[in-house]
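To keep things clear, I will list the structure first and then write my remarks on it.
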Amino acid sequence: MSNFRQNYYSSLGVKAVDVKPSIENALSGETLQNDRLKKLCLWVRIPHMYRALVWKVLLQVLPLEKQLWDATGQSKNEQYEWMFLVGTKLFRKQELDPELIVRLVLIRLDMLTPAALFAYQIPQHLLDMAHAFLEICDLDERDALWIMFAYVQRLNVPLLIKHDADLKSVQDDISTMVGLLSKHSVELFEHLDRLQIDYAVLNPWFLSHFSNVLDIHSLEGIWDIVIGGAPTIFPYIGLCLLLNCKKRILELRSKEEFEKLVKQITRYVDVHTVAQQSVEKWERPILDKMSAETRTLLGYNS
């Protein structure tokens, strides 16, 4: 376990030593329990070595019944081989890079015909996500492809942005974030209001599910929570990015300066700290409503 994860779990009062046995126990048996895996994603987070497997189960790339895994895996491999062959020939690629992953996902979803994809300008947020999935899956192209395919469906990630309605989920998350900002820092909220900030400048953060901001170690822990069923954490990440850059933002004198800062946000914040604080702020209201017994069962000391 990395120093970040040790500090991360420790800071939240989580008994890190119990993580691996808990995951291994949840993965034992002939039929896995969906709710149990979700709870581990939400409250313990998944050790890296088990992450791809857990995500595939929760995203229904693999069934809960282990006896079906071999047949499902064989079917997925056959589909992958066909898609890879088509993709490499159509787009003259030698390997499954982020760009080809996105194109194959779109073909698989019947979003665009192969011919239309030649003229299709892939949005940066999809490339950022595909790159992240490849890294999280340790460059296992098959896992990265199938997990991204299932993820964008489950989370309704905007793929073809033609109208404002295609950005509704992003706009809703940003609106929630602004509401949180008004409660956590009136000073910062009012300063941004005076600058007449158009918060649409934050769209790239939310479109990419913060894969264009957070490092992989931080991101995979956040996406554990999301795949566990709580994309409501996204507004908290945006909030903490702004709060951790508060002093510099308060020095800004125009919305153009703010837009420039947003594009360079990683220069001014520690993304590990941002991820850690985001989880703390997201889960605290939930934990406060839990009984002491339930918190103890989840491994929290306080």
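Labeling convention for the structure tokens: chains A, B, ... as they appear, residues from 1 per chain, ligands from 1 in order of appearance.
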
* **Within 12 Å of Glu187 of chain A using only C-alpha atoms, minus same-chain residues under 4 positions, as a ChimeraX atom specification** => /A:181-183,191-194,243,246-247,249-250

Write the selection just made, keeping C-alpha atoms, as a PDB file, in the first residue's frame?
ATOM      1  CA  LEU A 181     -19.163  26.728  -1.830  1.00  0.00           C
ATOM      2  CA  SER A 182     -21.626  29.299  -0.506  1.00  0.00           C
ATOM      3  CA  LYS A 183     -21.776  27.331   2.748  1.00  0.00           C
ATOM      4  CA  HIS A 191     -15.584  37.062  -4.603  1.00  0.00           C
ATOM      5  CA  LEU A 192     -16.378  34.765  -7.538  1.00  0.00           C
ATOM      6  CA  ASP A 193     -19.842  36.309  -7.712  1.00  0.00           C
ATOM      7  CA  ARG A 194     -18.310  39.794  -7.962  1.00  0.00           C
ATOM      8  CA  LEU A 243     -11.011  25.822  -1.433  1.00  0.00           C
ATOM      9  CA  LYS A 246      -8.676  30.052  -2.134  1.00  0.00           C
ATOM     10  CA  LYS A 247      -5.830  32.461  -1.396  1.00  0.00           C
ATOM     11  CA  ILE A 249      -8.371  32.969  -6.274  1.00  0.00           C
ATOM     12  CA  LEU A 250      -9.013  35.872  -3.914  1.00  0.00           C
TER      13      LEU A 250
END

* To do: Find the residues near Leu219 of chain A: any atom within 10 Å, counting only C-alpha atoms, skip ones fewer than 3 places away on the same chain, and give them as a VMD selection string.
  => chain A and resid 132 136 209 to 216 222 to 224 271 to 272 275

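Each of A:Ala115, A:Leu58, A:Leu155, A:Val262 was compared to Thr232 of chain A using only C-alpha atoms, and A:Leu155 turns out to be the nearest.
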
* Would you return as a PyMOL selection string the members of segment 50-250 of chain A that DSSP assigns to alpha helix (DSSP H) on this structure's backbone? => chain A and resi 50-58+69-90+98-108+114-118+124-136+141-154+168-184+186-194+203-207+216-227+234-243+246-250

* To do: Would you mind listing what lies within 9 Å of Lys20 of chain A as a list in words, with only C-alpha atoms counted and same-chain residues fewer than 5 positions away left out?
  =>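 With the cut-off at 9 Å, the set is Asn25, Ile46 and Pro47 of chain A.
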
Could you write those residues out with all heavy atoms, as a PDB file, in the first residue's frame?
ATOM      1  N   ASN A  25     -12.465 -11.809   1.481  1.00  0.00           N
ATOM      2  CA  ASN A  25     -13.646 -12.495   2.002  1.00  0.00           C
ATOM      3  C   ASN A  25     -14.864 -12.211   1.122  1.00  0.00           C
ATOM      4  O   ASN A  25     -15.664 -13.100   0.840  1.00  0.00           O
ATOM      5  CB  ASN A  25     -13.909 -12.059   3.439  1.00  0.00           C
ATOM      6  CG  ASN A  25     -15.011 -12.888   4.089  1.00  0.00           C
ATOM      7  OD1 ASN A  25     -16.146 -12.441   4.179  1.00  0.00           O
ATOM      8  ND2 ASN A  25     -14.670 -14.089   4.531  1.00  0.00           N
ATOM      9  N   ILE A  46     -10.936  -0.053  -2.508  1.00  0.00           N
ATOM     10  CA  ILE A  46     -10.445  -1.343  -2.976  1.00  0.00           C
ATOM     11  C   ILE A  46      -8.937  -1.299  -3.205  1.00  0.00           C
ATOM     12  O   ILE A  46      -8.446  -0.409  -3.889  1.00  0.00           O
ATOM     13  CB  ILE A  46     -11.143  -1.732  -4.303  1.00  0.00           C
ATOM     14  CG1 ILE A  46     -12.671  -1.623  -4.161  1.00  0.00           C
ATOM     15  CG2 ILE A  46     -10.735  -3.141  -4.732  1.00  0.00           C
ATOM     16  CD1 ILE A  46     -13.265  -2.536  -3.111  1.00  0.00           C
ATOM     17  N   PRO A  47      -8.180  -2.260  -2.650  1.00  0.00           N
ATOM     18  CA  PRO A  47      -6.740  -2.329  -2.957  1.00  0.00           C
ATOM     19  C   PRO A  47      -6.544  -2.465  -4.464  1.00  0.00           C
ATOM     20  O   PRO A  47      -7.330  -3.119  -5.156  1.00  0.00           O
ATOM     21  CB  PRO A  47      -6.290  -3.600  -2.219  1.00  0.00           C
ATOM     22  CG  PRO A  47      -7.265  -3.735  -1.095  1.00  0.00           C
ATOM     23  CD  PRO A  47      -8.583  -3.279  -1.665  1.00  0.00           C
TER      24      PRO A  47
END

* **Near-Phe118 of chain A list (12 Å; only C-alpha atoms; drop same-chain fewer than 4 positions) as a PyMOL selection string** => chain A and resi 87+90-92+99-100+103+107+112-114+122
